[in-house]
>>> print(open('final21.cif').read())   # mmCIF, C-alpha atoms and all ligand atoms
data_final
#
loop_
_atom_site.label_atom_id
_atom_site.label_comp_id
_atom_site.auth_asym_id
_atom_site.auth_seq_id
_atom_site.Cartn_x
_atom_site.Cartn_y
_atom_site.Cartn_z
CA MET A 47 -43.39 184.48 44.64
CA PRO A 48 -42.79 186.71 41.57
CA SER A 49 -44.45 190.10 41.92
CA ASN A 50 -46.65 189.83 38.82
CA PRO A 51 -48.89 186.78 38.69
CA VAL A 52 -50.20 185.69 35.29
CA LEU A 53 -53.65 184.89 36.66
CA SER A 54 -55.69 186.89 39.17
CA LEU A 55 -58.69 185.22 40.75
CA ILE A 56 -61.17 187.62 42.32
CA VAL A 57 -63.75 186.40 44.82
CA PRO A 58 -66.20 188.93 46.30
CA PHE A 59 -67.76 187.71 49.52
CA TYR A 60 -70.32 188.94 52.01
CA ASN A 61 -70.87 186.73 55.07
CA GLU A 62 -69.88 183.41 53.52
CA GLU A 63 -67.91 181.90 56.42
CA GLU A 64 -69.31 178.37 56.01
CA SER A 65 -68.36 178.22 52.32
CA LEU A 66 -64.89 179.76 52.42
CA PRO A 67 -62.79 176.85 53.80
CA MET A 68 -64.03 174.48 51.11
CA LEU A 69 -63.79 177.19 48.45
CA LEU A 70 -60.13 177.88 49.18
CA ASP A 71 -59.27 174.19 49.10
CA GLN A 72 -61.08 173.75 45.77
CA ILE A 73 -59.43 176.80 44.24
CA CYS A 74 -55.92 175.77 45.29
CA GLN A 75 -56.53 172.27 43.96
CA ALA A 76 -57.83 173.64 40.65
CA MET A 77 -54.81 175.95 40.31
CA GLU A 78 -52.42 172.97 40.46
CA GLU A 79 -53.78 171.49 37.22
CA GLN A 80 -51.17 171.15 34.48
CA GLU A 81 -53.77 171.82 31.77
CA LEU A 82 -54.31 175.27 33.25
CA HIS A 83 -50.59 175.99 33.48
CA ALA A 84 -50.15 175.02 29.82
CA LEU A 85 -52.50 177.82 28.75
CA PHE A 86 -50.02 180.52 29.76
CA GLU A 87 -46.81 181.43 28.01
CA LEU A 88 -45.06 182.59 31.16
CA PRO A 89 -44.43 180.29 34.14
CA PHE A 90 -47.77 179.86 35.91
CA THR A 91 -48.33 181.99 39.01
CA PHE A 92 -51.62 183.19 40.44
CA GLU A 93 -53.02 185.44 43.11
CA LEU A 94 -56.30 184.94 44.91
CA LEU A 95 -57.82 188.31 45.73
CA MET A 96 -60.49 187.89 48.34
CA ILE A 97 -62.73 190.97 48.52
CA ASP A 98 -64.54 191.26 51.82
CA ASP A 99 -67.65 193.32 51.10
CA GLY A 100 -68.24 194.36 54.70
CA SER A 101 -68.81 190.88 56.18
CA THR A 102 -69.90 190.82 59.79
CA ASP A 103 -69.27 187.10 60.40
CA GLY A 104 -65.99 185.22 60.65
CA SER A 105 -65.24 185.30 56.89
CA SER A 106 -62.56 187.95 57.04
CA GLY A 107 -60.83 186.39 60.06
CA PHE A 108 -60.67 183.08 58.26
CA ILE A 109 -59.02 184.58 55.16
CA ARG A 110 -56.54 186.48 57.31
CA LYS A 111 -55.41 183.22 58.89
CA GLN A 112 -55.05 181.60 55.47
CA ILE A 113 -52.62 184.29 54.30
CA ASP A 114 -49.90 182.91 56.60
CA ARG A 115 -50.20 179.49 55.01
CA ARG A 116 -50.89 180.46 51.41
CA PRO A 117 -48.91 183.42 50.06
CA GLU A 118 -51.13 183.63 46.94
CA VAL A 119 -54.06 184.75 49.05
CA LYS A 120 -54.65 188.50 49.37
CA LEU A 121 -57.39 190.32 51.22
CA VAL A 122 -59.11 193.62 50.50
CA SER A 123 -61.71 194.58 53.10
CA LEU A 124 -64.23 197.23 52.19
CA GLN A 125 -65.30 199.63 54.90
CA LYS A 126 -68.90 198.41 54.81
CA ASN A 127 -71.21 196.38 52.57
CA PHE A 128 -71.08 198.32 49.30
CA GLY A 129 -72.58 195.58 47.10
CA LYS A 130 -71.19 193.13 44.59
CA THR A 131 -70.46 195.74 41.90
CA ALA A 132 -68.23 197.75 44.23
CA ALA A 133 -66.54 194.59 45.50
CA LEU A 134 -65.71 193.55 41.93
CA ALA A 135 -64.51 197.05 41.09
CA ALA A 136 -62.16 196.95 44.08
CA GLY A 137 -60.92 193.54 42.95
CA PHE A 138 -60.24 194.84 39.44
CA ARG A 139 -58.29 197.74 40.84
CA TYR A 140 -55.92 195.54 42.82
CA ALA A 141 -55.59 192.67 40.35
CA SER A 142 -52.28 192.49 38.52
CA GLY A 143 -52.62 189.33 36.40
CA GLU A 144 -52.66 189.29 32.59
CA VAL A 145 -55.86 187.29 32.88
CA VAL A 146 -58.50 188.02 35.51
CA VAL A 147 -61.16 185.51 36.54
CA THR A 148 -64.04 186.25 38.91
CA LEU A 149 -66.09 183.70 40.82
CA ASP A 150 -68.67 183.71 43.60
CA ALA A 151 -67.73 182.65 47.10
CA ASP A 152 -70.76 180.49 47.83
CA LEU A 153 -69.51 177.30 46.06
CA GLN A 154 -72.16 177.71 43.33
CA ASP A 155 -69.36 178.30 40.81
CA ASP A 156 -66.88 175.51 40.20
CA PRO A 157 -63.20 176.59 40.34
CA PHE A 158 -62.31 173.75 37.99
CA THR A 159 -64.08 175.56 35.13
CA VAL A 160 -61.51 178.37 35.33
CA LYS A 161 -59.30 176.51 32.87
CA GLU A 162 -62.16 176.18 30.36
CA LEU A 163 -62.83 179.90 30.55
CA VAL A 164 -59.15 180.73 30.11
CA ALA A 165 -58.81 178.28 27.22
CA LYS A 166 -61.70 180.02 25.45
CA LEU A 167 -60.13 183.41 26.16
CA GLN A 168 -56.88 182.24 24.56
CA GLU A 169 -58.81 181.48 21.36
CA GLY A 170 -58.84 185.23 20.84
CA TYR A 171 -61.63 186.59 23.02
CA ASP A 172 -61.37 189.45 25.50
CA LEU A 173 -64.15 188.38 27.85
CA VAL A 174 -65.58 184.91 28.35
CA SER A 175 -68.71 184.70 30.46
CA GLY A 176 -70.08 181.59 32.10
CA TRP A 177 -73.54 180.41 31.15
CA LYS A 178 -75.42 178.60 33.91
CA ARG A 179 -77.26 176.34 31.45
CA GLN A 180 -78.40 173.95 34.19
CA ARG A 181 -79.11 176.49 36.87
CA ASN A 182 -79.63 175.13 40.37
CA ASP A 183 -81.56 177.93 42.02
CA PRO A 184 -85.18 178.34 43.17
CA LEU A 185 -87.81 179.59 40.67
CA SER A 186 -87.91 182.95 42.47
CA LYS A 187 -84.43 183.50 41.05
CA THR A 188 -84.54 181.71 37.72
CA ILE A 189 -87.73 183.36 36.41
CA PRO A 190 -86.67 187.02 36.97
CA SER A 191 -83.26 186.10 35.64
CA ARG A 192 -84.77 184.66 32.46
CA ILE A 193 -86.78 187.85 31.92
CA PHE A 194 -83.69 189.96 32.58
CA ASN A 195 -81.54 187.97 30.16
CA THR A 196 -84.12 187.95 27.36
CA THR A 197 -84.76 191.70 27.70
CA THR A 198 -81.08 192.52 27.78
CA ARG A 199 -80.43 190.30 24.76
CA LEU A 200 -83.21 191.97 22.76
CA LEU A 201 -82.32 195.52 23.76
CA THR A 202 -78.59 195.19 23.21
CA GLY A 203 -78.46 192.66 20.38
CA ILE A 204 -75.70 190.83 22.26
CA GLU A 205 -76.19 187.08 21.93
CA LEU A 206 -75.56 185.86 25.48
CA HIS A 207 -77.81 183.59 27.54
CA ASP A 208 -76.54 184.61 30.95
CA PHE A 209 -75.26 188.15 31.41
CA ASN A 210 -74.98 187.96 35.18
CA CYS A 211 -72.89 184.85 35.81
CA GLY A 212 -70.36 185.19 38.63
CA LEU A 213 -67.83 183.19 36.63
CA LYS A 214 -66.09 185.30 34.00
CA ALA A 215 -62.61 185.51 32.51
CA TYR A 216 -61.17 188.81 31.28
CA ARG A 217 -58.08 190.10 29.62
CA LYS A 218 -56.41 192.79 31.73
CA LYS A 219 -57.32 195.55 29.26
CA VAL A 220 -61.05 194.81 29.60
CA VAL A 221 -60.88 195.08 33.36
CA ALA A 222 -58.98 198.36 33.06
CA SER A 223 -61.68 199.80 30.79
CA LEU A 224 -64.60 199.08 33.13
CA ASP A 225 -65.91 201.94 35.23
CA LEU A 226 -68.41 200.20 37.49
CA HIS A 227 -71.02 201.95 39.60
CA GLY A 228 -74.37 201.14 41.23
CA GLU A 229 -75.48 197.61 40.43
CA MET A 230 -73.85 197.54 37.04
CA HIS A 231 -72.01 194.23 37.41
CA ARG A 232 -74.99 192.64 35.63
CA TYR A 233 -74.12 194.57 32.49
CA ILE A 234 -70.38 193.93 32.37
CA PRO A 235 -70.61 191.96 29.07
CA VAL A 236 -72.64 194.83 27.57
CA LEU A 237 -70.11 197.44 28.71
CA ALA A 238 -67.26 195.34 27.34
CA GLU A 239 -68.90 194.65 23.99
CA TRP A 240 -69.85 198.31 23.54
CA ASN A 241 -66.28 199.27 24.39
CA GLY A 242 -65.23 197.17 21.40
CA PHE A 243 -64.07 193.97 23.08
CA ARG A 244 -64.79 190.45 21.81
CA VAL A 245 -67.25 188.81 24.18
CA THR A 246 -68.45 185.19 24.22
CA GLU A 247 -69.81 182.59 26.63
CA ILE A 248 -69.40 178.91 27.47
CA PRO A 249 -71.76 176.68 29.49
CA VAL A 250 -70.51 176.13 33.04
CA LYS A 251 -71.49 173.83 35.86
CA HIS A 252 -73.65 175.45 38.53
CA ASN A 253 -74.23 174.04 42.00
CA ALA A 254 -77.08 174.71 44.40
CA ARG A 255 -76.21 176.99 47.31
CA ARG A 256 -75.01 174.78 50.17
CA PHE A 257 -74.59 177.27 53.00
CA GLY A 258 -76.12 180.61 53.89
CA ARG A 259 -78.66 182.31 51.66
CA THR A 260 -78.74 184.43 48.54
CA LYS A 261 -77.91 188.11 48.93
CA PHE A 262 -80.13 189.07 45.98
CA GLY A 263 -83.92 188.73 46.19
CA ALA A 264 -86.58 189.26 43.51
CA SER A 265 -86.59 192.99 44.36
CA ARG A 266 -83.52 193.44 42.17
CA VAL A 267 -85.49 193.39 38.89
CA PHE A 268 -86.53 197.04 38.63
CA PRO A 269 -83.34 198.72 39.81
CA GLY A 270 -81.70 196.44 37.26
CA LEU A 271 -83.85 197.82 34.48
CA PHE A 272 -82.97 201.42 35.36
CA ASP A 273 -79.31 200.45 35.36
CA PHE A 274 -79.82 199.40 31.78
CA PHE A 275 -80.62 202.95 30.74
CA THR A 276 -77.61 204.19 32.69
CA VAL A 277 -75.43 201.70 30.86
CA LEU A 278 -76.93 202.72 27.53
CA PHE A 279 -76.31 206.35 28.30
CA ILE A 280 -72.79 206.07 29.61
CA THR A 281 -71.53 203.73 26.91
CA ARG A 282 -73.12 205.48 23.97
CA TYR A 283 -73.46 209.09 25.04
CA LEU A 284 -71.36 209.89 28.10
CA ARG A 285 -68.59 211.43 26.04
CA GLN A 286 -71.03 213.21 23.72
CA PRO A 287 -74.24 214.05 25.61
CA MET A 288 -75.16 216.51 22.86
CA HIS A 289 -75.66 213.58 20.48
CA PHE A 290 -78.45 212.38 22.72
CA PHE A 291 -80.05 215.60 23.91
CA GLY A 292 -79.38 217.37 20.64
CA MET A 293 -81.41 214.77 18.77
CA LEU A 294 -84.33 215.12 21.20
CA SER A 295 -84.04 218.89 20.89
CA LEU A 296 -84.05 218.76 17.11
CA ILE A 297 -87.14 216.52 16.95
CA SER A 298 -89.01 218.72 19.40
CA PHE A 299 -87.96 221.91 17.62
CA LEU A 300 -88.94 220.68 14.15
CA ALA A 301 -92.37 219.60 15.41
CA GLY A 302 -92.91 222.93 17.23
CA PHE A 303 -91.65 224.94 14.28
CA GLY A 304 -93.89 223.01 11.87
CA ILE A 305 -96.96 223.69 13.99
CA SER A 306 -96.12 227.40 14.35
CA LEU A 307 -95.56 227.68 10.62
CA TYR A 308 -98.90 226.03 9.95
CA VAL A 309 -100.67 228.50 12.28
CA THR A 310 -98.82 231.47 10.72
CA ILE A 311 -99.64 230.45 7.14
CA GLY A 312 -103.26 229.98 8.15
CA LYS A 313 -103.33 233.51 9.55
CA ILE A 314 -101.55 235.25 6.65
CA PHE A 315 -103.08 233.49 3.66
CA PHE A 316 -106.43 232.23 4.94
CA ASN A 317 -107.11 234.73 7.70
CA GLN A 318 -107.63 231.97 10.29
CA ALA A 319 -107.63 232.82 14.00
CA VAL A 320 -104.34 232.57 15.90
CA VAL A 321 -105.60 232.77 19.46
CA ASN A 322 -107.99 230.18 20.81
CA ARG A 323 -106.25 227.35 18.94
CA PRO A 324 -104.97 224.55 21.19
CA ILE A 325 -102.42 223.47 18.60
CA LEU A 326 -100.66 226.82 18.91
CA PHE A 327 -99.90 226.05 22.55
CA LEU A 328 -98.52 222.65 21.60
CA GLY A 329 -96.22 224.34 19.09
CA ILE A 330 -94.98 226.82 21.71
CA LEU A 331 -94.50 224.04 24.26
CA LEU A 332 -92.45 221.93 21.85
CA ILE A 333 -90.15 224.84 21.01
CA ILE A 334 -89.57 225.57 24.71
CA VAL A 335 -88.87 221.89 25.39
CA ALA A 336 -86.41 221.89 22.48
CA VAL A 337 -84.50 224.78 24.06
CA GLN A 338 -84.44 222.87 27.36
CA PHE A 339 -83.04 219.72 25.77
CA PHE A 340 -80.42 221.75 23.96
CA SER A 341 -79.33 223.46 27.17
CA ILE A 342 -79.10 220.15 29.03
CA GLY A 343 -76.97 218.78 26.22
CA LEU A 344 -74.66 221.77 26.42
CA LEU A 345 -74.37 221.49 30.20
CA GLY A 346 -73.58 217.79 29.75
CA GLU A 347 -70.84 218.62 27.27
CA MET A 348 -69.31 221.02 29.78
CA LEU A 349 -69.45 218.41 32.53
CA THR A 350 -67.75 215.73 30.46
CA ARG A 351 -64.83 218.08 30.13
CA ASP A 352 -64.59 218.49 33.88
CA THR A 353 -65.18 215.14 35.57
CA SER A 354 -62.87 213.16 37.76
CA SER A 355 -64.41 209.75 38.37
CA THR A 356 -64.27 208.60 41.94
CA PRO A 357 -64.93 204.98 42.90
CA ASP A 358 -68.11 203.87 44.68
CA TYR A 359 -66.27 202.42 47.66
CA THR A 360 -63.61 203.06 50.25
CA VAL A 361 -61.10 200.47 51.39
CA ARG A 362 -60.66 199.86 55.10
CA GLU A 363 -57.41 197.94 54.88
CA THR A 364 -55.50 195.54 52.68
CA VAL A 365 -53.42 192.54 53.65
CA ASN A 366 -50.61 191.26 51.48
CA VAL A 367 -51.58 193.58 48.62
CA ASP A 368 -49.21 195.78 46.65
CA GLU A 369 -50.49 199.26 47.61
CA ASP A 370 -48.59 201.12 44.89
CA ARG A 371 -51.06 199.92 42.31
N1 LIG A 401 -71.86 189.38 47.40
C1 LIG A 401 -71.09 190.47 47.78
N2 LIG A 401 -71.72 191.59 48.23
C2 LIG A 401 -73.09 191.69 48.31
C3 LIG A 401 -73.85 190.59 47.90
C4 LIG A 401 -73.21 189.45 47.44
O1 LIG A 401 -69.87 190.43 47.71
O2 LIG A 401 -73.59 192.73 48.74
C5 LIG A 401 -71.19 188.16 46.92
C6 LIG A 401 -71.68 186.90 47.61
O3 LIG A 401 -71.00 186.67 48.83
C7 LIG A 401 -71.34 185.85 46.57
C8 LIG A 401 -71.60 186.59 45.28
O4 LIG A 401 -71.52 187.98 45.57
O5 LIG A 401 -69.99 185.48 46.63
C9 LIG A 401 -72.96 186.24 44.67
O6 LIG A 401 -73.97 186.45 45.62
P1 LIG A 401 -75.18 185.43 45.82
O7 LIG A 401 -74.67 184.04 45.80
O8 LIG A 401 -75.95 185.85 47.03
O9 LIG A 401 -76.04 185.71 44.52
P2 LIG A 401 -76.88 184.63 43.70
O10 LIG A 401 -75.94 183.50 43.33
O11 LIG A 401 -77.95 184.17 44.61
O12 LIG A 401 -77.38 185.39 42.52
MG MG A 402 -74.88 182.44 44.65
#
>>> encode(input="final21.cif", output="structure tokens", more="lines below")
Ligand code: UDP
Ligand code: MG
Amino acid sequence: MPSNPVLSLIVPFYNEEESLPMLLDQICQAMEEQELHALFELPFTFELLMIDDGSTDGSSGFIRKQIDRRPEVKLVSLQKNFGKTAALAAGFRYASGEVVVTLDADLQDDPFTVKELVAKLQEGYDLVSGWKRQRNDPLSKTIPSRIFNTTTRLLTGIELHDFNCGLKAYRKKVVASLDLHGEMHRYIPVLAEWNGFRVTEIPVKHNARRFGRTKFGASRVFPGLFDFFTVLFITRYLRQPMHFFGMLSLISFLAGFGISLYVTIGKIFFNQAVVNRPILFLGILLIIVAVQFFSIGLLGEMLTRDTSSTPDYTVRETVNVDEDR
């Protein structure tokens, strides 16, 4: 097999042993399609990067056995369960294809839609996200997800229906630009769009979960919302924290200064009392807060000049993966 595949498929999995045999068969069948091959300029080759996110069942053992039969299959096992974001980040680090496609391991995503995603990508997009238009999940998942998608669409102005679909196709450069932490995989289209990439979506088929159960309950809504502010901050202001804190500082200072000026003018020209006026304390408070914001901004600026980003995960071992990458 040539060392650089044109397509990298990344599948994060956490205890999905019942689904994996069928998934691998479906993927390999889908990869044989001529229509898919025709989308690439170079001879078609692919790698299937299976990311074991700390599974404790037979998932990892099954993949290991497959590697002997199918040289395209590669395994990266994380040291423990770090979560889907970390698993995807690990996949992105080891992927070497020009085009990278992610899909879930639980058979809810259809490997045969990979060619539709890639075809859309080749129209000139950098990221194509799946849209589970007909979503086959219980209401406890679809309702929070609807709220999440509507909020994210309104707050970001990005016109997607389904930000958090497991099925996505990326150009290599998008994957290289993503610095994923926490639970940020839900905001990948936002990060990409704000980094200047062309993002779009296409409707994809979505199956009900056949085996096992979902790893994400309704409790994910609020952490998700906080992640939004993190995403906002790191995409817009990480490299210039002073633009954020400086603005807050300026607003606070102008308000505090205005109040102090008002009190001073009252004293000098109209002989009004200075002490015993609650508004004076507000003015003082606002000026102090302004100094605080300014200092935080400055500290932030210093930090951005001295950060080395470390990933959120550690790798236990890799099988059949080029370690030089
Ligand atoms: N997953 C993972 N690590 C986790 C949780 C989930 O790698 O900590 C994988 C999981 O095995 C599946 C995909 O992420 O392949 C999506 O998870 P799930 O199907 O539970 O999410 P849902 O479809 O219910 O939103
Ligand atoms: Mg699922």
>>> closest_residue(input="final21.cif", among="A:Met68, A:Val320, A:Leu149, A:Leu185", to="A:Leu213", atoms="all atoms listed in the file")
A:Leu149
>>> atom_distance(input="final21.cif", atom1="atom CA of A:Gly176", atom2="atom CA of A:Asn366")
29.1 Å
>>> atom_distance(input="final21.cif", atom1="atom CA of A:Lys120", atom2="atom O1 of ligand LIG 401 (chain A)")
15.4 Å
>>> closest_residue(input="final21.cif", among="A:Val52, A:Leu153, A:Val147, A:Leu94", to="ligand LIG 401 (chain A)", atoms="all atoms listed in the file")
A:Leu153
>>> residues_near_ligand(input="final21.cif", ligand="ligand MG 402 (chain A)", cutoff="10 Å", atoms="only C-alpha atoms and all ligand atoms", output="count of residues only")
22
>>> residues_around(input="final21.cif", residues="stretch 240-250 of chain A", least_positions_apart="5", cutoff="6 Å", atoms="only C-alpha atoms", output="MDAnalysis selection string")
chainID A and resid 171:179
>>> closest_residue(input="final21.cif", among="A:Ile73, A:Leu88, A:Leu134, A:Ile334", to="ligand LIG 401 (chain A)", atoms="only C-alpha atoms and all ligand atoms")
A:Leu134
>>> closest_residue(input="final21.cif", among="A:Val220, A:Ala132, A:Leu206, A:Ala84", to="ligand LIG 401 (chain A)", atoms="only C-alpha atoms and all ligand atoms")
A:Ala132
>>> residues_near_point(input="final21.cif", point="(-64.5, 195.9, 41.1)", cutoff="12 Å", atoms="all atoms listed in the file", output="MDAnalysis selection string")
chainID A and resid 56:58 95:99 122 124 128:141 146:148 221:231 234 357:361
>>> closest_residue(input="final21.cif", among="A:Arg323, A:Arg110, A:Arg232, A:Lys219", to="ligand LIG 401 (chain A)", atoms="only C-alpha atoms and all ligand atoms")
A:Arg232
>>> atom_distance(input="final21.cif", atom1="atom O7 of ligand LIG 401 (chain A)", atom2="atom CA of A:Val367")
25.1 Å
>>> closest_residue(input="final21.cif", among="A:Gln75, A:Thr276, A:Ser101, A:Thr281", to="ligand LIG 401 (chain A)", atoms="all atoms listed in the file")
A:Ser101
>>> axis_aligned_box(input="final21.cif", around="ligand LIG 401 (chain A)", padding_each_side="5 Å", output="AutoDock Vina command-line options")
--center_x -73.9 --center_y 188.1 --center_z 45.7 --size_x 18.1 --size_y 19.2 --size_z 16.3
>>> residues_around(input="final21.cif", residues="A:Cys74", least_positions_apart="5", cutoff="12 Å", atoms="only C-alpha atoms", output="PyMOL selection string")
chain A and resi 55+67-69+79+91-94+112+115-119+157-158+160
>>> decode(input="final21.cif", residues="stretch 203-221 of chain A", atoms="N, CA, C and O atoms", output="PDB file, in the first residue's frame")
ATOM      1  N   GLY A 203     -24.468  33.015  13.581  1.00  0.00           N
ATOM      2  CA  GLY A 203     -24.842  33.440  12.239  1.00  0.00           C
ATOM      3  C   GLY A 203     -24.441  32.438  11.162  1.00  0.00           C
ATOM      4  O   GLY A 203     -24.483  32.734   9.975  1.00  0.00           O
ATOM      5  N   ILE A 204     -24.035  31.242  11.580  1.00  0.00           N
ATOM      6  CA  ILE A 204     -23.659  30.219  10.594  1.00  0.00           C
ATOM      7  C   ILE A 204     -24.883  29.360  10.278  1.00  0.00           C
ATOM      8  O   ILE A 204     -25.494  28.781  11.172  1.00  0.00           O
ATOM      9  N   GLU A 205     -25.239  29.304   8.993  1.00  0.00           N
ATOM     10  CA  GLU A 205     -26.497  28.675   8.603  1.00  0.00           C
ATOM     11  C   GLU A 205     -26.386  27.159   8.458  1.00  0.00           C
ATOM     12  O   GLU A 205     -26.439  26.625   7.366  1.00  0.00           O
ATOM     13  N   LEU A 206     -26.220  26.451   9.580  1.00  0.00           N
ATOM     14  CA  LEU A 206     -26.230  24.989   9.538  1.00  0.00           C
ATOM     15  C   LEU A 206     -27.397  24.495  10.386  1.00  0.00           C
ATOM     16  O   LEU A 206     -27.785  25.134  11.354  1.00  0.00           O
ATOM     17  N   HIS A 207     -27.953  23.337  10.009  1.00  0.00           N
ATOM     18  CA  HIS A 207     -29.045  22.761  10.791  1.00  0.00           C
ATOM     19  C   HIS A 207     -28.537  21.829  11.871  1.00  0.00           C
ATOM     20  O   HIS A 207     -29.214  21.555  12.836  1.00  0.00           O
ATOM     21  N   ASP A 208     -27.342  21.263  11.648  1.00  0.00           N
ATOM     22  CA  ASP A 208     -26.882  20.176  12.505  1.00  0.00           C
ATOM     23  C   ASP A 208     -25.372  20.307  12.709  1.00  0.00           C
ATOM     24  O   ASP A 208     -24.589  19.781  11.937  1.00  0.00           O
ATOM     25  N   PHE A 209     -24.990  21.033  13.756  1.00  0.00           N
ATOM     26  CA  PHE A 209     -23.564  21.292  13.973  1.00  0.00           C
ATOM     27  C   PHE A 209     -22.825  20.044  14.421  1.00  0.00           C
ATOM     28  O   PHE A 209     -21.662  19.865  14.155  1.00  0.00           O
ATOM     29  N   ASN A 210     -23.537  19.168  15.139  1.00  0.00           N
ATOM     30  CA  ASN A 210     -22.863  18.064  15.820  1.00  0.00           C
ATOM     31  C   ASN A 210     -23.142  16.722  15.160  1.00  0.00           C
ATOM     32  O   ASN A 210     -23.497  15.774  15.821  1.00  0.00           O
ATOM     33  N   CYS A 211     -23.013  16.644  13.856  1.00  0.00           N
ATOM     34  CA  CYS A 211     -23.210  15.369  13.163  1.00  0.00           C
ATOM     35  C   CYS A 211     -21.872  14.644  13.112  1.00  0.00           C
ATOM     36  O   CYS A 211     -20.846  15.248  12.819  1.00  0.00           O
ATOM     37  N   GLY A 212     -21.891  13.338  13.403  1.00  0.00           N
ATOM     38  CA  GLY A 212     -20.645  12.570  13.398  1.00  0.00           C
ATOM     39  C   GLY A 212     -20.011  12.475  12.019  1.00  0.00           C
ATOM     40  O   GLY A 212     -18.799  12.324  11.878  1.00  0.00           O
ATOM     41  N   LEU A 213     -20.856  12.573  10.992  1.00  0.00           N
ATOM     42  CA  LEU A 213     -20.375  12.465   9.613  1.00  0.00           C
ATOM     43  C   LEU A 213     -19.926  13.828   9.106  1.00  0.00           C
ATOM     44  O   LEU A 213     -20.747  14.732   8.954  1.00  0.00           O
ATOM     45  N   LYS A 214     -18.635  13.955   8.802  1.00  0.00           N
ATOM     46  CA  LYS A 214     -18.141  15.220   8.260  1.00  0.00           C
ATOM     47  C   LYS A 214     -16.950  14.931   7.350  1.00  0.00           C
ATOM     48  O   LYS A 214     -16.170  14.028   7.621  1.00  0.00           O
ATOM     49  N   ALA A 215     -16.822  15.718   6.292  1.00  0.00           N
ATOM     50  CA  ALA A 215     -15.649  15.592   5.420  1.00  0.00           C
ATOM     51  C   ALA A 215     -14.850  16.887   5.481  1.00  0.00           C
ATOM     52  O   ALA A 215     -15.432  17.976   5.480  1.00  0.00           O
ATOM     53  N   TYR A 216     -13.525  16.754   5.563  1.00  0.00           N
ATOM     54  CA  TYR A 216     -12.650  17.914   5.709  1.00  0.00           C
ATOM     55  C   TYR A 216     -11.525  17.862   4.685  1.00  0.00           C
ATOM     56  O   TYR A 216     -11.048  16.777   4.344  1.00  0.00           O
ATOM     57  N   ARG A 217     -11.067  19.017   4.266  1.00  0.00           N
ATOM     58  CA  ARG A 217      -9.776  19.079   3.620  1.00  0.00           C
ATOM     59  C   ARG A 217      -8.710  19.031   4.701  1.00  0.00           C
ATOM     60  O   ARG A 217      -8.926  19.517   5.809  1.00  0.00           O
ATOM     61  N   LYS A 218      -7.537  18.491   4.335  1.00  0.00           N
ATOM     62  CA  LYS A 218      -6.454  18.315   5.296  1.00  0.00           C
ATOM     63  C   LYS A 218      -6.139  19.594   6.075  1.00  0.00           C
ATOM     64  O   LYS A 218      -5.923  19.578   7.282  1.00  0.00           O
ATOM     65  N   LYS A 219      -6.152  20.742   5.350  1.00  0.00           N
ATOM     66  CA  LYS A 219      -5.755  21.996   6.007  1.00  0.00           C
ATOM     67  C   LYS A 219      -6.727  22.407   7.116  1.00  0.00           C
ATOM     68  O   LYS A 219      -6.323  23.053   8.079  1.00  0.00           O
ATOM     69  N   VAL A 220      -7.997  22.010   7.000  1.00  0.00           N
ATOM     70  CA  VAL A 220      -8.961  22.350   8.057  1.00  0.00           C
ATOM     71  C   VAL A 220      -8.620  21.568   9.316  1.00  0.00           C
ATOM     72  O   VAL A 220      -8.549  22.106  10.424  1.00  0.00           O
ATOM     73  N   VAL A 221      -8.383  20.277   9.105  1.00  0.00           N
ATOM     74  CA  VAL A 221      -8.045  19.403  10.218  1.00  0.00           C
ATOM     75  C   VAL A 221      -6.789  19.908  10.932  1.00  0.00           C
ATOM     76  O   VAL A 221      -6.709  19.937  12.150  1.00  0.00           O
TER      77      VAL A 221
END
